[in-house]
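The structure appears below as structure tokens.
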Amino acid sequence: MLDCKSCNTPSTTDKRLSILDGTLLADPLQYRSLEGALQYLTLTRPDINFAVNYVCQFVHAPTDSHLLLVKRILRYLKGTIDAGITLSAGDITSISGYSNSDWARCPDTRLSTSGFCVFLGSSLIC
């Protein structure tokens with residue numbers, strides 16, 4: 001992955017994958033190891049939260065299609081290596097929050113996915 005091209009987004013907007021898509025990996029340890037490392041990275045890279053949460057849903061039976069999603073996140077990180085949470089001095093008298101939901105798009109369970117962010121002034125705090 002050192003010589004791979006970077007990409008602009010951590011996940012695709014195409015059709016969501018099912019747990020049945022692809023061929024089961026012979027050794028899922030690499031998938032689980034990458035997924036765990038990405039979970040840890042979300043502490044300072046909230047921009048990958050949704051994509052990492054999505055690939056975590058396949059950790060019990062990962063396939064080659066699911067591994068491609070993990071590799072896409074890694075390609076995105078390669079292109080945005082200098083990004084992360086930054087706190088800046090300024091007015092902290094305002095707090096604002098935003099949320100988003102993905103209603104029932106999981107093809108297997110029809111469950112929803114949601115997320116949020118909170119800003120104190122112009123700094124992302126949650």
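Convention: chains lettered A, B, ... in structure tokens order; per-chain residue numbering from 1; ligands numbered from 1 as shown.
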Strand (DSSP E) positions in chain A, given as a PyMOL selection string: chain A and resi 95-102+113-120+123-124
Go ahead and save the residues from that selection, with N, CA and C atoms, as an mmCIF file, in the first residue's frame.
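Ended up saving to again-v2.cif:
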data_model
loop_
_atom_site.group_PDB
_atom_site.id
_atom_site.type_symbol
_atom_site.label_atom_id
_atom_site.label_comp_id
_atom_site.auth_asym_id
_atom_site.auth_seq_id
_atom_site.Cartn_x
_atom_site.Cartn_y
_atom_site.Cartn_z
ATOM 1 N N ILE A 95 -21.701 27.344 20.786
ATOM 2 C CA ILE A 95 -21.589 25.897 20.613
ATOM 3 C C ILE A 95 -22.613 25.489 19.569
ATOM 4 N N SER A 96 -22.206 24.652 18.642
ATOM 5 C CA SER A 96 -23.141 24.197 17.610
ATOM 6 C C SER A 96 -22.919 22.717 17.354
ATOM 7 N N GLY A 97 -23.992 22.065 16.993
ATOM 8 C CA GLY A 97 -23.922 20.636 16.729
ATOM 9 C C GLY A 97 -24.640 20.280 15.449
ATOM 10 N N TYR A 98 -24.203 19.204 14.828
ATOM 11 C CA TYR A 98 -24.791 18.729 13.576
ATOM 12 C C TYR A 98 -24.949 17.218 13.667
ATOM 13 N N SER A 99 -25.990 16.713 13.045
ATOM 14 C CA SER A 99 -26.185 15.261 13.034
ATOM 15 C C SER A 99 -26.636 14.833 11.642
ATOM 16 N N ASN A 100 -26.463 13.553 11.384
ATOM 17 C CA ASN A 100 -26.859 12.985 10.107
ATOM 18 C C ASN A 100 -27.284 11.547 10.342
ATOM 19 N N SER A 101 -28.214 11.070 9.556
ATOM 20 C CA SER A 101 -28.684 9.696 9.684
ATOM 21 C C SER A 101 -28.786 9.046 8.327
ATOM 22 N N ASP A 102 -28.552 7.779 8.301
ATOM 23 C CA ASP A 102 -28.665 6.965 7.101
ATOM 24 C C ASP A 102 -29.766 5.949 7.394
ATOM 25 N N THR A 113 -27.847 4.118 10.492
ATOM 26 C CA THR A 113 -26.570 4.576 11.014
ATOM 27 C C THR A 113 -26.669 6.075 11.187
ATOM 28 N N SER A 114 -26.165 6.578 12.298
ATOM 29 C CA SER A 114 -26.206 8.021 12.510
ATOM 30 C C SER A 114 -24.875 8.497 13.058
ATOM 31 N N GLY A 115 -24.668 9.786 12.991
ATOM 32 C CA GLY A 115 -23.445 10.383 13.490
ATOM 33 C C GLY A 115 -23.689 11.832 13.861
ATOM 34 N N PHE A 116 -22.716 12.414 14.566
ATOM 35 C CA PHE A 116 -22.867 13.804 14.981
ATOM 36 C C PHE A 116 -21.499 14.432 15.177
ATOM 37 N N CYS A 117 -21.477 15.745 15.251
ATOM 38 C CA CYS A 117 -20.262 16.479 15.614
ATOM 39 C C CYS A 117 -20.687 17.726 16.379
ATOM 40 N N VAL A 118 -19.817 18.159 17.284
ATOM 41 C CA VAL A 118 -20.089 19.334 18.105
ATOM 42 C C VAL A 118 -18.890 20.268 18.002
ATOM 43 N N PHE A 119 -19.170 21.543 17.772
ATOM 44 C CA PHE A 119 -18.144 22.576 17.670
ATOM 45 C C PHE A 119 -18.272 23.546 18.839
ATOM 46 N N LEU A 120 -17.155 23.885 19.450
ATOM 47 C CA LEU A 120 -17.091 24.962 20.439
ATOM 48 C C LEU A 120 -16.343 26.094 19.754
ATOM 49 N N SER A 123 -13.790 25.188 16.814
ATOM 50 C CA SER A 123 -13.031 23.973 17.065
ATOM 51 C C SER A 123 -13.947 22.776 17.251
ATOM 52 N N LEU A 124 -13.648 21.713 16.551
ATOM 53 C CA LEU A 124 -14.382 20.451 16.701
ATOM 54 C C LEU A 124 -13.970 19.826 18.019
#
Any idea what's packed within 7 Å of segment 45-61 of chain A, counting only C-alpha atoms, ignoring anything in its chain fewer than 2 positions away? Could you give it as a list in words? Pro10, Ser11, Ile19, Leu24, Arg32, Glu35, Leu38, Gln39, Leu41, Thr42, Leu43, Thr63, His66, Leu69, Val70, Gly84 and Ile85 of chain A
Output all heavy atoms of each residue in that selection to a file, as a short mmCIF file (atom, residue, chain, number, x, y, z; two decimals), in the first residue's frame.
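Saved the output as again.cif:
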data_model
loop_
_atom_site.label_atom_id
_atom_site.label_comp_id
_atom_site.auth_asym_id
_atom_site.auth_seq_id
_atom_site.Cartn_x
_atom_site.Cartn_y
_atom_site.Cartn_z
N PRO A 10 -13.21 8.66 2.16
CA PRO A 10 -12.91 7.40 2.84
C PRO A 10 -13.87 6.26 2.49
O PRO A 10 -13.57 5.10 2.74
CB PRO A 10 -13.01 7.76 4.32
CG PRO A 10 -13.88 8.94 4.38
CD PRO A 10 -13.68 9.68 3.08
N SER A 11 -15.01 6.58 1.93
CA SER A 11 -15.95 5.53 1.53
C SER A 11 -16.65 5.92 0.24
O SER A 11 -16.65 7.09 -0.15
CB SER A 11 -16.98 5.26 2.63
OG SER A 11 -17.76 6.41 2.85
N ILE A 19 -23.29 -8.54 4.09
CA ILE A 19 -22.34 -9.44 4.75
C ILE A 19 -22.04 -10.64 3.88
O ILE A 19 -21.06 -11.34 4.09
CB ILE A 19 -22.85 -9.90 6.13
CG1 ILE A 19 -24.21 -10.59 6.02
CG2 ILE A 19 -22.92 -8.76 7.11
CD1 ILE A 19 -24.70 -11.22 7.29
N LEU A 24 -15.11 -15.18 1.46
CA LEU A 24 -14.54 -15.12 2.80
C LEU A 24 -13.01 -15.14 2.74
O LEU A 24 -12.43 -15.89 1.95
CB LEU A 24 -15.03 -16.28 3.66
CG LEU A 24 -16.46 -16.20 4.17
CD1 LEU A 24 -16.84 -17.49 4.89
CD2 LEU A 24 -16.65 -15.02 5.09
N ARG A 32 -9.00 -7.79 10.67
CA ARG A 32 -9.34 -7.40 12.04
C ARG A 32 -8.27 -6.49 12.64
O ARG A 32 -8.57 -5.56 13.39
CB ARG A 32 -9.55 -8.64 12.89
CG ARG A 32 -10.79 -9.39 12.48
CD ARG A 32 -11.01 -10.65 13.28
NE ARG A 32 -12.23 -11.32 12.80
CZ ARG A 32 -12.33 -12.61 12.66
NH1 ARG A 32 -11.33 -13.42 12.97
NH2 ARG A 32 -13.47 -13.13 12.23
N GLU A 35 -8.72 -3.06 10.96
CA GLU A 35 -9.95 -2.45 11.45
C GLU A 35 -9.74 -1.92 12.87
O GLU A 35 -10.18 -0.83 13.22
CB GLU A 35 -11.07 -3.50 11.39
CG GLU A 35 -12.37 -3.11 12.01
CD GLU A 35 -12.44 -3.54 13.47
OE1 GLU A 35 -11.86 -4.56 13.85
OE2 GLU A 35 -13.10 -2.82 14.22
N LEU A 38 -7.68 1.26 12.70
CA LEU A 38 -8.49 2.37 12.20
C LEU A 38 -9.43 2.89 13.28
O LEU A 38 -9.68 4.10 13.36
CB LEU A 38 -9.27 1.93 10.96
CG LEU A 38 -8.44 1.75 9.69
CD1 LEU A 38 -9.29 1.13 8.58
CD2 LEU A 38 -7.82 3.05 9.24
N GLN A 39 -9.96 1.99 14.11
CA GLN A 39 -10.82 2.44 15.21
C GLN A 39 -10.05 3.36 16.15
O GLN A 39 -10.57 4.38 16.59
CB GLN A 39 -11.35 1.24 16.00
CG GLN A 39 -12.56 0.62 15.43
CD GLN A 39 -13.12 -0.44 16.37
OE1 GLN A 39 -12.40 -1.09 17.10
NE2 GLN A 39 -14.42 -0.61 16.32
N LEU A 41 -7.51 5.19 15.37
CA LEU A 41 -7.21 6.42 14.65
C LEU A 41 -8.38 7.40 14.61
O LEU A 41 -8.19 8.60 14.46
CB LEU A 41 -6.76 6.08 13.23
CG LEU A 41 -6.17 7.20 12.39
CD1 LEU A 41 -4.96 7.81 13.07
CD2 LEU A 41 -5.80 6.67 11.02
N THR A 42 -9.60 6.91 14.78
CA THR A 42 -10.76 7.80 14.74
C THR A 42 -10.77 8.81 15.88
O THR A 42 -11.51 9.79 15.82
CB THR A 42 -12.10 7.02 14.76
OG1 THR A 42 -12.19 6.27 15.97
CG2 THR A 42 -12.23 6.12 13.56
N LEU A 43 -9.95 8.60 16.91
CA LEU A 43 -9.88 9.56 18.00
C LEU A 43 -9.38 10.92 17.52
O LEU A 43 -9.82 11.96 18.02
CB LEU A 43 -8.97 9.05 19.12
CG LEU A 43 -9.48 7.80 19.85
CD1 LEU A 43 -8.42 7.27 20.79
CD2 LEU A 43 -10.77 8.08 20.57
N THR A 63 -14.84 -10.43 4.02
CA THR A 63 -14.62 -10.98 2.68
C THR A 63 -13.64 -10.09 1.93
O THR A 63 -13.24 -9.03 2.42
CB THR A 63 -15.95 -11.04 1.89
OG1 THR A 63 -16.40 -9.71 1.64
CG2 THR A 63 -17.01 -11.82 2.64
N HIS A 66 -15.00 -6.62 1.48
CA HIS A 66 -14.90 -5.80 2.67
C HIS A 66 -13.47 -5.29 2.86
O HIS A 66 -13.26 -4.16 3.30
CB HIS A 66 -15.35 -6.58 3.90
CG HIS A 66 -16.74 -7.13 3.77
ND1 HIS A 66 -17.09 -8.38 4.24
CD2 HIS A 66 -17.86 -6.63 3.20
CE1 HIS A 66 -18.36 -8.61 3.98
NE2 HIS A 66 -18.85 -7.55 3.34
N LEU A 69 -12.81 -2.16 1.03
CA LEU A 69 -13.29 -0.96 1.72
C LEU A 69 -12.25 -0.46 2.73
O LEU A 69 -12.02 0.75 2.85
CB LEU A 69 -14.61 -1.25 2.44
CG LEU A 69 -15.81 -1.58 1.58
CD1 LEU A 69 -16.99 -1.97 2.45
CD2 LEU A 69 -16.17 -0.41 0.69
N VAL A 70 -11.62 -1.39 3.45
CA VAL A 70 -10.58 -1.01 4.40
C VAL A 70 -9.41 -0.38 3.66
O VAL A 70 -8.86 0.65 4.08
CB VAL A 70 -10.13 -2.23 5.22
CG1 VAL A 70 -8.89 -1.91 6.04
CG2 VAL A 70 -11.25 -2.71 6.14
N GLY A 84 -6.40 16.35 10.57
CA GLY A 84 -6.68 15.88 11.92
C GLY A 84 -7.39 16.97 12.70
O GLY A 84 -7.71 18.03 12.17
N ILE A 85 -7.64 16.71 13.96
CA ILE A 85 -8.30 17.71 14.80
C ILE A 85 -7.30 18.79 15.19
O ILE A 85 -6.21 18.50 15.66
CB ILE A 85 -8.88 17.06 16.08
CG1 ILE A 85 -10.01 16.11 15.71
CG2 ILE A 85 -9.37 18.11 17.05
CD1 ILE A 85 -10.62 15.41 16.89
#
Among chain A, which ones does DSSP place in helix (DSSP H, G or I), written as a PyMOL selection string? chain A and resi 29-41+46-56+64-79
Output file for the selection above: N, CA, C and O atoms, as a short mmCIF file (atom, residue, chain, number, x, y, z; two decimals), in the first residue's frame:
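Saved result, selection_23.cif, follows:
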data_model
loop_
_atom_site.label_atom_id
_atom_site.label_comp_id
_atom_site.auth_asym_id
_atom_site.auth_seq_id
_atom_site.Cartn_x
_atom_site.Cartn_y
_atom_site.Cartn_z
N LEU A 29 -7.36 -12.35 10.12
CA LEU A 29 -6.57 -11.62 11.12
C LEU A 29 -6.09 -10.26 10.61
O LEU A 29 -6.13 -9.27 11.33
N GLN A 30 -5.64 -10.20 9.35
CA GLN A 30 -5.18 -8.92 8.80
C GLN A 30 -6.33 -7.91 8.77
O GLN A 30 -6.14 -6.75 9.14
N TYR A 31 -7.50 -8.33 8.34
CA TYR A 31 -8.66 -7.45 8.30
C TYR A 31 -8.96 -6.91 9.69
O TYR A 31 -9.14 -5.71 9.89
N ARG A 32 -9.00 -7.79 10.67
CA ARG A 32 -9.34 -7.40 12.04
C ARG A 32 -8.27 -6.49 12.64
O ARG A 32 -8.57 -5.56 13.39
N SER A 33 -7.02 -6.74 12.30
CA SER A 33 -5.93 -5.90 12.79
C SER A 33 -6.02 -4.49 12.20
O SER A 33 -5.88 -3.50 12.92
N LEU A 34 -6.26 -4.40 10.89
CA LEU A 34 -6.41 -3.09 10.25
C LEU A 34 -7.62 -2.35 10.79
O LEU A 34 -7.56 -1.15 11.06
N GLU A 35 -8.72 -3.06 10.96
CA GLU A 35 -9.95 -2.45 11.45
C GLU A 35 -9.74 -1.92 12.87
O GLU A 35 -10.18 -0.83 13.22
N GLY A 36 -9.03 -2.65 13.71
CA GLY A 36 -8.75 -2.19 15.07
C GLY A 36 -7.87 -0.95 15.09
O GLY A 36 -8.09 -0.02 15.87
N ALA A 37 -6.87 -0.93 14.23
CA ALA A 37 -6.00 0.24 14.14
C ALA A 37 -6.77 1.47 13.65
O ALA A 37 -6.57 2.58 14.14
N LEU A 38 -7.68 1.26 12.70
CA LEU A 38 -8.49 2.37 12.20
C LEU A 38 -9.43 2.89 13.28
O LEU A 38 -9.68 4.10 13.36
N GLN A 39 -9.96 1.99 14.11
CA GLN A 39 -10.82 2.44 15.21
C GLN A 39 -10.05 3.36 16.15
O GLN A 39 -10.57 4.38 16.59
N TYR A 40 -8.83 3.00 16.45
CA TYR A 40 -7.99 3.83 17.31
C TYR A 40 -7.72 5.18 16.66
O TYR A 40 -7.71 6.22 17.32
N LEU A 41 -7.51 5.19 15.37
CA LEU A 41 -7.21 6.42 14.65
C LEU A 41 -8.38 7.40 14.61
O LEU A 41 -8.19 8.60 14.46
N PRO A 46 -11.83 12.28 13.01
CA PRO A 46 -13.27 12.03 12.98
C PRO A 46 -13.84 11.94 11.57
O PRO A 46 -14.95 11.44 11.38
N ASP A 47 -13.09 12.37 10.56
CA ASP A 47 -13.57 12.30 9.19
C ASP A 47 -13.69 10.87 8.68
O ASP A 47 -14.37 10.62 7.69
N ILE A 48 -13.07 9.92 9.36
CA ILE A 48 -13.16 8.52 8.92
C ILE A 48 -14.11 7.71 9.79
O ILE A 48 -14.25 6.51 9.59
N ASN A 49 -14.78 8.34 10.75
CA ASN A 49 -15.66 7.62 11.67
C ASN A 49 -16.71 6.78 10.97
O ASN A 49 -16.89 5.60 11.30
N PHE A 50 -17.43 7.37 10.04
CA PHE A 50 -18.50 6.63 9.38
C PHE A 50 -17.96 5.43 8.62
O PHE A 50 -18.48 4.32 8.73
N ALA A 51 -16.90 5.63 7.86
CA ALA A 51 -16.33 4.55 7.07
C ALA A 51 -15.79 3.43 7.95
O ALA A 51 -15.96 2.24 7.66
N VAL A 52 -15.14 3.79 9.06
CA VAL A 52 -14.61 2.77 9.97
C VAL A 52 -15.74 2.01 10.65
O VAL A 52 -15.69 0.78 10.77
N ASN A 53 -16.77 2.72 11.07
CA ASN A 53 -17.93 2.04 11.65
C ASN A 53 -18.53 1.05 10.66
O ASN A 53 -18.92 -0.06 11.03
N TYR A 54 -18.56 1.43 9.42
CA TYR A 54 -19.13 0.57 8.37
C TYR A 54 -18.32 -0.71 8.20
O TYR A 54 -18.89 -1.81 8.16
N VAL A 55 -16.99 -0.61 8.15
CA VAL A 55 -16.19 -1.82 7.96
C VAL A 55 -16.17 -2.68 9.22
O VAL A 55 -15.96 -3.89 9.14
N CYS A 56 -16.42 -2.08 10.38
CA CYS A 56 -16.48 -2.86 11.63
C CYS A 56 -17.69 -3.78 11.65
O CYS A 56 -17.71 -4.77 12.38
N ASP A 64 -13.29 -10.53 0.73
CA ASP A 64 -12.37 -9.73 -0.09
C ASP A 64 -13.00 -8.37 -0.45
O ASP A 64 -12.29 -7.37 -0.56
N SER A 65 -14.30 -8.32 -0.62
CA SER A 65 -14.98 -7.05 -0.91
C SER A 65 -14.89 -6.09 0.27
O SER A 65 -14.72 -4.88 0.09
N HIS A 66 -15.00 -6.62 1.48
CA HIS A 66 -14.90 -5.80 2.67
C HIS A 66 -13.47 -5.29 2.86
O HIS A 66 -13.26 -4.16 3.30
N LEU A 67 -12.49 -6.12 2.52
CA LEU A 67 -11.09 -5.71 2.61
C LEU A 67 -10.80 -4.55 1.66
O LEU A 67 -10.02 -3.66 1.98
N LEU A 68 -11.45 -4.53 0.52
CA LEU A 68 -11.28 -3.40 -0.41
C LEU A 68 -11.77 -2.10 0.21
O LEU A 68 -11.19 -1.04 -0.04
N LEU A 69 -12.81 -2.16 1.03
CA LEU A 69 -13.29 -0.96 1.72
C LEU A 69 -12.25 -0.46 2.73
O LEU A 69 -12.02 0.75 2.85
N VAL A 70 -11.62 -1.39 3.45
CA VAL A 70 -10.58 -1.01 4.40
C VAL A 70 -9.41 -0.38 3.66
O VAL A 70 -8.86 0.65 4.08
N LYS A 71 -9.03 -0.96 2.54
CA LYS A 71 -7.93 -0.40 1.75
C LYS A 71 -8.27 0.98 1.22
O LYS A 71 -7.39 1.84 1.10
N ARG A 72 -9.53 1.22 0.92
CA ARG A 72 -9.92 2.55 0.45
C ARG A 72 -9.72 3.59 1.57
O ARG A 72 -9.26 4.70 1.31
N ILE A 73 -10.04 3.22 2.80
CA ILE A 73 -9.81 4.13 3.92
C ILE A 73 -8.32 4.43 4.05
O ILE A 73 -7.92 5.57 4.26
N LEU A 74 -7.49 3.41 3.90
CA LEU A 74 -6.04 3.61 3.98
C LEU A 74 -5.55 4.51 2.85
O LEU A 74 -4.67 5.37 3.07
N ARG A 75 -6.12 4.36 1.66
CA ARG A 75 -5.75 5.23 0.54
C ARG A 75 -6.15 6.68 0.82
O ARG A 75 -5.44 7.63 0.50
N TYR A 76 -7.33 6.86 1.44
CA TYR A 76 -7.79 8.20 1.81
C TYR A 76 -6.83 8.81 2.84
O TYR A 76 -6.46 9.98 2.74
N LEU A 77 -6.42 8.01 3.82
CA LEU A 77 -5.51 8.51 4.84
C LEU A 77 -4.16 8.90 4.25
O LEU A 77 -3.55 9.88 4.69
N LYS A 78 -3.72 8.15 3.25
CA LYS A 78 -2.45 8.49 2.60
C LYS A 78 -2.51 9.88 1.97
O LYS A 78 -1.56 10.64 2.04
N GLY A 79 -3.64 10.22 1.37
CA GLY A 79 -3.78 11.52 0.73
C GLY A 79 -4.08 12.66 1.68
O GLY A 79 -3.98 13.82 1.30
#
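The spacing separating atom CA of Thr23 of chain A from atom CA of Pro62 of chain A amounts to 8.3 Å.
Counting only C-alpha atoms, the residue from A:Leu2, A:Gly22, A:Arg16, A:Ala83 that sits nearest to Thr44 of chain A is A:Ala83.
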Using only C-alpha atoms, which protein or nucleic acid residues come within 9 Å of Ser122 of chain A? Drop anything in the same chain fewer than 3 positions from it, and give the result as a tab-separated table (two decimals) with N, CA, C and O atoms, in the first residue's frame.
chain	number	residue	atom	x	y	z
A	87	LEU	N	-7.19	22.58	17.31
A	87	LEU	CA	-7.90	23.53	18.17
A	87	LEU	C	-7.28	24.89	17.91
A	87	LEU	O	-6.07	25.05	17.89
A	88	SER	N	-8.15	25.87	17.71
A	88	SER	CA	-7.65	27.21	17.44
A	88	SER	C	-8.18	28.19	18.47
A	88	SER	O	-9.28	28.02	19.01
A	89	ALA	N	-7.39	29.19	18.76
A	89	ALA	CA	-7.81	30.22	19.70
A	89	ALA	C	-8.89	31.07	19.05
A	89	ALA	O	-8.89	31.28	17.85
A	90	GLY	N	-9.80	31.53	19.84
A	90	GLY	CA	-10.85	32.37	19.29
A	90	GLY	C	-12.06	32.39	20.21
A	90	GLY	O	-12.01	31.95	21.37
A	91	ASP	N	-13.13	32.87	19.69
A	91	ASP	CA	-14.38	33.02	20.44
A	91	ASP	C	-14.94	31.64	20.77
A	91	ASP	O	-15.21	30.83	19.88
A	92	ILE	N	-15.14	31.35	22.06
A	92	ILE	CA	-15.73	30.07	22.47
A	92	ILE	C	-17.07	30.27	23.15
A	92	ILE	O	-17.49	29.47	23.98
A	94	SER	N	-19.90	30.30	21.54
A	94	SER	CA	-20.97	29.61	20.81
A	94	SER	C	-20.66	28.12	20.71
A	94	SER	O	-19.51	27.71	20.60
A	95	ILE	N	-21.70	27.34	20.79
A	95	ILE	CA	-21.59	25.90	20.61
A	95	ILE	C	-22.61	25.49	19.57
A	95	ILE	O	-23.74	25.99	19.56
A	119	PHE	N	-19.17	21.54	17.77
A	119	PHE	CA	-18.14	22.58	17.67
A	119	PHE	C	-18.27	23.55	18.84
A	119	PHE	O	-19.37	23.96	19.18
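Of the residues listed (A:Met1, A:Pro107, A:Thr93, A:Pro28), A:Pro107 shows the shortest atom-to-atom separation from Lys15 of chain A; distances use only C-alpha atoms.
Nearest residue to Cys126 of chain A, choosing from A:Thr109, A:Thr86, A:Trp103, A:Asp27 and counting only C-alpha atoms: A:Thr86.
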